[in-house]
Structure formats: C-alpha cells, structure tokens
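These notes concern the structure reproduced below.
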Amino acid sequence: MTFPIVLHHNPACGTSRKVMSIIRAAGYEPVVIDYLATGWTRPQLQALFAAAGLTAHEALRRVRSPAVELGLTAPDVTEDQLLDAMVAHPVLVHRPIVCSPRGVRLCRPPEAVLDLLDQLPPGPWASEDGTLLIDAEGNRVV
C-alpha cells in the first residue's frame with residue numbers, strides 16, 4: 001500500500017508551486033488541499049504543527065498577510081490567539097505544509113520536501129539559487 005503525499009497548497013505561491021513540481025517530478029501525485037478555499041480547523045492546525053515541530057508563532061505568515069494589521073506579531077500574542085486567527089484567516093498559515101509517511105514539514109525552502117520523499121526526482125536538480133541538490137545520477141548532494 002502506498003501512502004499519499006498531502007500538500008497544503010496555495011496555488012498563487014511560487015514556493016508552493018515549486019514544492020508541487022518537485023513532488024510530481026519524483027513520481028508522486030500529491031493530494032492537494034487548497035487551504036485558502038477549504039480553510040483550517042483548530043484541531044487540524046494543532047496536529048500539523050505538533051507533527052512538524054512548529055508553534056503557531058513559527059507557522060505565522062507575516063509577509064503579504066493581515067498578521068500585522070490584526071496585531072498578531074506583538075510579543076504578547078498567545079498560541080491560542082494565533083490559532084483562532086488562523087482558523088478565521090487561513091492565509092495566516094505559512095506554506096506549503098507537506099505530509100508524508102516520513103513526516104510533516106513546512107517546506108521553506110522548497111527543497112526541504114526532499115526529506116519527505118522516499119523517491120527523489122531524476123537529476124540533475126538544483127535549488128533556486130543554483131545549488132546542486134540531486135546530481136545527474138539521481139543522488140542527493142546536499
């Protein structure tokens with residue numbers, strides 16, 4: 001039995017699209033969840049963050065989100081307040097978050113997804129800055 005790769009995805013995000021392309025190049029067809037359309041539940045966020053080893057503060061998207069306007073970047077904002085805001089405003093969650101049998105991860109930079117894949121994309125494959133990640137033989141370099 002093959003377990004699916006789940007991608008919590010924002011189609012407007014270049015990083016999210018890059019992660020999807022890496023997953024597909026490796027031969028997987030991920031289950032794609034457009035979280036802006038479906039939203040989040042509090043238990044779902046708590047489970048994802050716990051599995052990824054993140055706090056809500058670490059998963060808060062600060063750029064191109066209403067985080068500042070909502071006062072969520074203040075040091076006294078609690079995890080509970082952030083979770084409530086993330087449920088109300090799904091865009092506040094940083095992405096992409098990928099789930100696989102190897103774990104759950106916020107995949108920033110995009111090549112972080114490689115740690116979650118049993119099978120790598122064919123090489124050569126480089127990061128956005130040109131660093132070789134997978135050589136021509138398909139071996140992971142970094």
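Order determines the names: the first chain of the structure tokens is A, the second B, and so forth; residues in each chain are numbered 1 upward, and ligands are numbered 1 upward as they are shown.
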Just the residues within 8 Å of Glu111 of chain A, please, counting only C-alpha atoms, with nothing from its chain fewer than 6 positions along; format it as a list of chain:residue names.
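Listing them by chain and then by number gives A:Val19, A:Ile22, A:Ser127, A:Leu133.
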Secondary structure check, strand (DSSP E or B) residues of chain A, as a count of residues only
24
Quote the spacing between atom CA of Ala37 of chain A and atom CA of Leu54 of chain A in Å to one decimal place.
22.9 Å
Find the residues near Asp115 of chain A: any atom within 10 Å, counting only C-alpha atoms, skip ones fewer than 5 places away on the same chain, and give them as a list in words.
Ser100, Arg102, Gly103, Val104, Arg105, Cys107 and Leu120 of chain A
Go ahead and write the selection's residues with N, CA and C atoms as a PDB file, in the first residue's frame.
```pdb
ATOM      1  N   SER A 100       3.827  13.346   4.712  1.00  0.00           N
ATOM      2  CA  SER A 100       4.161  12.082   4.051  1.00  0.00           C
ATOM      3  C   SER A 100       4.428  11.057   5.138  1.00  0.00           C
ATOM      4  N   ARG A 102       7.076   9.975   5.914  1.00  0.00           N
ATOM      5  CA  ARG A 102       8.349  10.346   6.534  1.00  0.00           C
ATOM      6  C   ARG A 102       8.231  11.536   7.470  1.00  0.00           C
ATOM      7  N   GLY A 103       7.049  12.136   7.552  1.00  0.00           N
ATOM      8  CA  GLY A 103       6.872  13.258   8.473  1.00  0.00           C
ATOM      9  C   GLY A 103       6.049  14.389   7.885  1.00  0.00           C
ATOM     10  N   VAL A 104       6.015  15.469   8.634  1.00  0.00           N
ATOM     11  CA  VAL A 104       5.277  16.671   8.258  1.00  0.00           C
ATOM     12  C   VAL A 104       6.254  17.831   8.346  1.00  0.00           C
ATOM     13  N   ARG A 105       6.172  18.709   7.356  1.00  0.00           N
ATOM     14  CA  ARG A 105       7.149  19.785   7.318  1.00  0.00           C
ATOM     15  C   ARG A 105       6.592  21.010   6.632  1.00  0.00           C
ATOM     16  N   CYS A 107       7.662  23.399   4.156  1.00  0.00           N
ATOM     17  CA  CYS A 107       8.709  23.230   3.135  1.00  0.00           C
ATOM     18  C   CYS A 107       9.173  24.566   2.576  1.00  0.00           C
ATOM     19  N   LEU A 120      13.390  10.221  -5.063  1.00  0.00           N
ATOM     20  CA  LEU A 120      13.766  11.575  -5.464  1.00  0.00           C
ATOM     21  C   LEU A 120      13.470  11.805  -6.944  1.00  0.00           C
TER      22      LEU A 120
END
```
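If you look at atom CA of Ala26 of chain A and atom CA of Asn139 of chain A, they are 12.6 Å away from each other.
When only C-alpha atoms are used to measure the gap to Asp84 of chain A, the shortest distance among A:Pro11, A:Pro43, A:Pro124, A:Pro4 belongs to A:Pro43.
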Check the smallest atom-to-atom distance from each of A:Cys99, A:Pro122, A:Leu36, A:Val91 to Ile5 of chain A using only C-alpha atoms, then report the winner.
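Ranking A:Cys99, A:Pro122, A:Leu36, A:Val91 by distance to Ile5 of chain A, first place goes to A:Cys99.
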Just the residues within 12 Å of Leu83 of chain A, please, counting only C-alpha atoms, with nothing from its chain fewer than 6 positions along; format it as a PDB file with N, CA, C and O atoms, in the first residue's frame.
```
ATOM      1  N   TRP A  40      -9.116  25.960   7.627  1.00  0.00           N
ATOM      2  CA  TRP A  40      -8.478  25.094   8.616  1.00  0.00           C
ATOM      3  C   TRP A  40      -9.440  24.877   9.771  1.00  0.00           C
ATOM      4  O   TRP A  40     -10.293  25.713  10.028  1.00  0.00           O
ATOM      5  N   THR A  41      -9.220  23.802  10.497  1.00  0.00           N
ATOM      6  CA  THR A  41      -9.859  23.638  11.795  1.00  0.00           C
ATOM      7  C   THR A  41      -8.755  23.765  12.841  1.00  0.00           C
ATOM      8  O   THR A  41      -7.575  23.507  12.556  1.00  0.00           O
ATOM      9  N   ARG A  42      -9.135  24.122  14.025  1.00  0.00           N
ATOM     10  CA  ARG A  42      -8.152  24.249  15.105  1.00  0.00           C
ATOM     11  C   ARG A  42      -7.444  22.908  15.379  1.00  0.00           C
ATOM     12  O   ARG A  42      -6.212  22.872  15.451  1.00  0.00           O
ATOM     13  N   PRO A  43      -8.194  21.785  15.509  1.00  0.00           N
ATOM     14  CA  PRO A  43      -7.504  20.504  15.728  1.00  0.00           C
ATOM     15  C   PRO A  43      -6.560  20.138  14.569  1.00  0.00           C
ATOM     16  O   PRO A  43      -5.495  19.560  14.802  1.00  0.00           O
ATOM     17  N   GLN A  44      -6.957  20.461  13.362  1.00  0.00           N
ATOM     18  CA  GLN A  44      -6.096  20.176  12.208  1.00  0.00           C
ATOM     19  C   GLN A  44      -4.782  20.951  12.323  1.00  0.00           C
ATOM     20  O   GLN A  44      -3.703  20.377  12.131  1.00  0.00           O
ATOM     21  N   LEU A  45      -4.861  22.236  12.613  1.00  0.00           N
ATOM     22  CA  LEU A  45      -3.645  23.036  12.762  1.00  0.00           C
ATOM     23  C   LEU A  45      -2.791  22.534  13.918  1.00  0.00           C
ATOM     24  O   LEU A  45      -1.573  22.419  13.784  1.00  0.00           O
ATOM     25  N   GLN A  46      -3.423  22.222  15.034  1.00  0.00           N
ATOM     26  CA  GLN A  46      -2.661  21.724  16.185  1.00  0.00           C
ATOM     27  C   GLN A  46      -1.927  20.431  15.839  1.00  0.00           C
ATOM     28  O   GLN A  46      -0.767  20.257  16.203  1.00  0.00           O
ATOM     29  N   ALA A  47      -2.594  19.541  15.113  1.00  0.00           N
ATOM     30  CA  ALA A  47      -1.968  18.273  14.734  1.00  0.00           C
ATOM     31  C   ALA A  47      -0.829  18.501  13.746  1.00  0.00           C
ATOM     32  O   ALA A  47       0.251  17.905  13.887  1.00  0.00           O
ATOM     33  N   LEU A  48      -1.049  19.339  12.744  1.00  0.00           N
ATOM     34  CA  LEU A  48       0.003  19.624  11.761  1.00  0.00           C
ATOM     35  C   LEU A  48       1.215  20.267  12.428  1.00  0.00           C
ATOM     36  O   LEU A  48       2.356  19.864  12.176  1.00  0.00           O
ATOM     37  N   PHE A  49       0.976  21.257  13.266  1.00  0.00           N
ATOM     38  CA  PHE A  49       2.092  21.945  13.919  1.00  0.00           C
ATOM     39  C   PHE A  49       2.842  21.009  14.856  1.00  0.00           C
ATOM     40  O   PHE A  49       4.082  21.011  14.889  1.00  0.00           O
ATOM     41  N   THR A  55       5.473  25.814  16.355  1.00  0.00           N
ATOM     42  CA  THR A  55       4.482  26.531  17.145  1.00  0.00           C
ATOM     43  C   THR A  55       3.654  27.362  16.179  1.00  0.00           C
ATOM     44  O   THR A  55       4.052  27.585  15.024  1.00  0.00           O
ATOM     45  N   ALA A  56       2.530  27.844  16.637  1.00  0.00           N
ATOM     46  CA  ALA A  56       1.726  28.735  15.801  1.00  0.00           C
ATOM     47  C   ALA A  56       2.513  30.001  15.478  1.00  0.00           C
ATOM     48  O   ALA A  56       2.404  30.538  14.371  1.00  0.00           O
ATOM     49  N   HIS A  57       3.335  30.463  16.413  1.00  0.00           N
ATOM     50  CA  HIS A  57       4.173  31.641  16.142  1.00  0.00           C
ATOM     51  C   HIS A  57       5.126  31.375  14.976  1.00  0.00           C
ATOM     52  O   HIS A  57       5.323  32.234  14.126  1.00  0.00           O
ATOM     53  N   GLU A  58       5.715  30.183  14.946  1.00  0.00           N
ATOM     54  CA  GLU A  58       6.654  29.840  13.869  1.00  0.00           C
ATOM     55  C   GLU A  58       5.946  29.650  12.536  1.00  0.00           C
ATOM     56  O   GLU A  58       6.536  29.867  11.481  1.00  0.00           O
ATOM     57  N   ALA A  59       4.694  29.231  12.575  1.00  0.00           N
ATOM     58  CA  ALA A  59       3.932  28.972  11.354  1.00  0.00           C
ATOM     59  C   ALA A  59       3.166  30.195  10.867  1.00  0.00           C
ATOM     60  O   ALA A  59       2.513  30.132   9.822  1.00  0.00           O
ATOM     61  N   LEU A  60       3.263  31.300  11.587  1.00  0.00           N
ATOM     62  CA  LEU A  60       2.536  32.511  11.203  1.00  0.00           C
ATOM     63  C   LEU A  60       3.175  33.169   9.997  1.00  0.00           C
ATOM     64  O   LEU A  60       4.367  33.476   9.996  1.00  0.00           O
ATOM     65  N   LEU A  72      -1.094  40.536  15.304  1.00  0.00           N
ATOM     66  CA  LEU A  72      -0.649  39.185  15.661  1.00  0.00           C
ATOM     67  C   LEU A  72       0.860  39.032  15.789  1.00  0.00           C
ATOM     68  O   LEU A  72       1.341  37.970  16.183  1.00  0.00           O
ATOM     69  N   VAL A  77       1.096  38.048  22.034  1.00  0.00           N
ATOM     70  CA  VAL A  77       0.031  37.260  21.406  1.00  0.00           C
ATOM     71  C   VAL A  77       0.256  35.786  21.760  1.00  0.00           C
ATOM     72  O   VAL A  77       1.363  35.263  21.629  1.00  0.00           O
ATOM     73  N   HIS A  89      -8.689  33.312   9.390  1.00  0.00           N
ATOM     74  CA  HIS A  89      -7.980  33.862   8.221  1.00  0.00           C
ATOM     75  C   HIS A  89      -6.939  32.833   7.757  1.00  0.00           C
ATOM     76  O   HIS A  89      -5.771  32.927   8.149  1.00  0.00           O
ATOM     77  N   PRO A  90      -7.316  31.863   6.953  1.00  0.00           N
ATOM     78  CA  PRO A  90      -6.390  30.788   6.562  1.00  0.00           C
ATOM     79  C   PRO A  90      -5.071  31.265   5.951  1.00  0.00           C
ATOM     80  O   PRO A  90      -4.060  30.588   6.069  1.00  0.00           O
ATOM     81  N   LEU A  92      -3.073  33.249   7.029  1.00  0.00           N
ATOM     82  CA  LEU A  92      -2.079  33.498   8.066  1.00  0.00           C
ATOM     83  C   LEU A  92      -1.123  32.329   8.272  1.00  0.00           C
ATOM     84  O   LEU A  92      -0.094  32.485   8.930  1.00  0.00           O
ATOM     85  N   VAL A  93      -1.455  31.169   7.739  1.00  0.00           N
ATOM     86  CA  VAL A  93      -0.591  29.994   7.910  1.00  0.00           C
ATOM     87  C   VAL A  93       0.441  29.972   6.786  1.00  0.00           C
ATOM     88  O   VAL A  93       0.099  30.026   5.604  1.00  0.00           O
TER      89      VAL A  93
END
```
DSSP says alpha helix (DSSP H) for which residues of chain A? Put them as a VMD selection string?
chain A and resid 14 to 25 35 to 38 42 to 52 56 to 59 79 to 88
Can those selected residues be exported to a file as a compact mmCIF listing (two decimals), in the first residue's frame so that it contains N, CA and C atoms?
```
# COMPACT_ATOMS: atom_id res chain seq x y z
N GLY A 14 4.60 30.90 -5.32
CA GLY A 14 5.68 30.29 -6.10
C GLY A 14 6.38 29.17 -5.36
N THR A 15 6.60 29.33 -4.07
CA THR A 15 7.25 28.27 -3.29
C THR A 15 6.38 27.03 -3.26
N SER A 16 5.09 27.22 -3.08
CA SER A 16 4.16 26.09 -3.05
C SER A 16 4.13 25.38 -4.40
N ARG A 17 4.14 26.15 -5.48
CA ARG A 17 4.15 25.54 -6.83
C ARG A 17 5.45 24.79 -7.06
N LYS A 18 6.57 25.31 -6.58
CA LYS A 18 7.86 24.64 -6.74
C LYS A 18 7.87 23.31 -5.98
N VAL A 19 7.33 23.31 -4.76
CA VAL A 19 7.25 22.07 -3.99
C VAL A 19 6.40 21.05 -4.72
N MET A 20 5.27 21.49 -5.28
CA MET A 20 4.43 20.57 -6.04
C MET A 20 5.19 20.00 -7.23
N SER A 21 5.98 20.82 -7.91
CA SER A 21 6.72 20.32 -9.07
C SER A 21 7.78 19.30 -8.66
N ILE A 22 8.42 19.49 -7.51
CA ILE A 22 9.40 18.52 -7.02
C ILE A 22 8.72 17.20 -6.70
N ILE A 23 7.59 17.27 -6.01
CA ILE A 23 6.85 16.06 -5.65
C ILE A 23 6.44 15.30 -6.91
N ARG A 24 5.90 16.00 -7.89
CA ARG A 24 5.46 15.35 -9.13
C ARG A 24 6.65 14.82 -9.93
N ALA A 25 7.75 15.55 -9.96
CA ALA A 25 8.94 15.07 -10.68
C ALA A 25 9.48 13.79 -10.06
N TYR A 35 -5.88 25.19 0.98
CA TYR A 35 -6.36 25.57 2.30
C TYR A 35 -7.02 26.94 2.33
N LEU A 36 -6.74 27.79 1.34
CA LEU A 36 -7.44 29.07 1.29
C LEU A 36 -8.91 28.87 0.95
N ALA A 37 -9.19 27.84 0.16
CA ALA A 37 -10.58 27.54 -0.22
C ALA A 37 -11.29 26.70 0.84
N THR A 38 -10.57 25.76 1.45
CA THR A 38 -11.21 24.85 2.42
C THR A 38 -11.14 25.34 3.85
N ARG A 42 -9.14 24.12 14.03
CA ARG A 42 -8.15 24.25 15.11
C ARG A 42 -7.44 22.91 15.38
N PRO A 43 -8.19 21.79 15.51
CA PRO A 43 -7.50 20.50 15.73
C PRO A 43 -6.56 20.14 14.57
N GLN A 44 -6.96 20.46 13.36
CA GLN A 44 -6.10 20.18 12.21
C GLN A 44 -4.78 20.95 12.32
N LEU A 45 -4.86 22.24 12.61
CA LEU A 45 -3.65 23.04 12.76
C LEU A 45 -2.79 22.53 13.92
N GLN A 46 -3.42 22.22 15.03
CA GLN A 46 -2.66 21.72 16.18
C GLN A 46 -1.93 20.43 15.84
N ALA A 47 -2.59 19.54 15.11
CA ALA A 47 -1.97 18.27 14.73
C ALA A 47 -0.83 18.50 13.75
N LEU A 48 -1.05 19.34 12.74
CA LEU A 48 0.00 19.62 11.76
C LEU A 48 1.21 20.27 12.43
N PHE A 49 0.98 21.26 13.27
CA PHE A 49 2.09 21.94 13.92
C PHE A 49 2.84 21.01 14.86
N ALA A 50 2.12 20.19 15.60
CA ALA A 50 2.78 19.23 16.50
C ALA A 50 3.63 18.25 15.70
N ALA A 51 3.08 17.73 14.61
CA ALA A 51 3.82 16.76 13.80
C ALA A 51 5.05 17.39 13.14
N ALA A 52 4.95 18.67 12.80
CA ALA A 52 6.06 19.36 12.15
C ALA A 52 7.03 19.98 13.16
N ALA A 56 2.53 27.84 16.64
CA ALA A 56 1.73 28.74 15.80
C ALA A 56 2.51 30.00 15.48
N HIS A 57 3.34 30.46 16.41
CA HIS A 57 4.17 31.64 16.14
C HIS A 57 5.13 31.38 14.98
N GLU A 58 5.72 30.18 14.95
CA GLU A 58 6.65 29.84 13.87
C GLU A 58 5.95 29.65 12.54
N ALA A 59 4.69 29.23 12.57
CA ALA A 59 3.93 28.97 11.35
C ALA A 59 3.17 30.20 10.87
N GLU A 79 -0.49 31.53 21.71
CA GLU A 79 -0.71 30.47 20.72
C GLU A 79 -2.21 30.31 20.44
N ASP A 80 -3.03 30.38 21.48
CA ASP A 80 -4.48 30.26 21.30
C ASP A 80 -5.02 31.38 20.42
N GLN A 81 -4.55 32.59 20.64
CA GLN A 81 -5.00 33.71 19.81
C GLN A 81 -4.58 33.50 18.36
N LEU A 82 -3.38 33.02 18.16
CA LEU A 82 -2.91 32.78 16.79
C LEU A 82 -3.72 31.68 16.11
N LEU A 83 -3.99 30.60 16.83
CA LEU A 83 -4.79 29.52 16.25
C LEU A 83 -6.18 30.01 15.88
N ASP A 84 -6.79 30.79 16.74
CA ASP A 84 -8.11 31.35 16.42
C ASP A 84 -8.04 32.22 15.17
N ALA A 85 -7.02 33.05 15.08
CA ALA A 85 -6.87 33.92 13.91
C ALA A 85 -6.60 33.11 12.64
N MET A 86 -5.82 32.04 12.74
CA MET A 86 -5.52 31.21 11.58
C MET A 86 -6.75 30.49 11.06
N VAL A 87 -7.63 30.10 11.97
CA VAL A 87 -8.88 29.47 11.54
C VAL A 87 -9.76 30.51 10.85
N ALA A 88 -9.79 31.72 11.39
CA ALA A 88 -10.61 32.79 10.80
C ALA A 88 -10.02 33.33 9.50
```
Check the smallest atom-to-atom distance from each of A:Asp118, A:Val141, A:Ala112, A:His9 to Pro96 of chain A using only C-alpha atoms, then report the winner.
A:His9
Separation of atom CA of Ile134 of chain A from atom CA of Cys13 of chain A, in Å and rounded to one decimal
23.5 Å
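When only C-alpha atoms are used to measure the gap to Leu116 of chain A, the shortest distance among A:Ala12, A:Leu132, A:Ala67, A:Val98 belongs to A:Val98.
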Minimum-distance residue to Pro110 of chain A, chosen among A:Pro66, A:Asp129, A:Gly123, A:Gly27 (using only C-alpha atoms)
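Looking only at the distances to Pro110 of chain A, the closest residue turns out to be A:Asp129.
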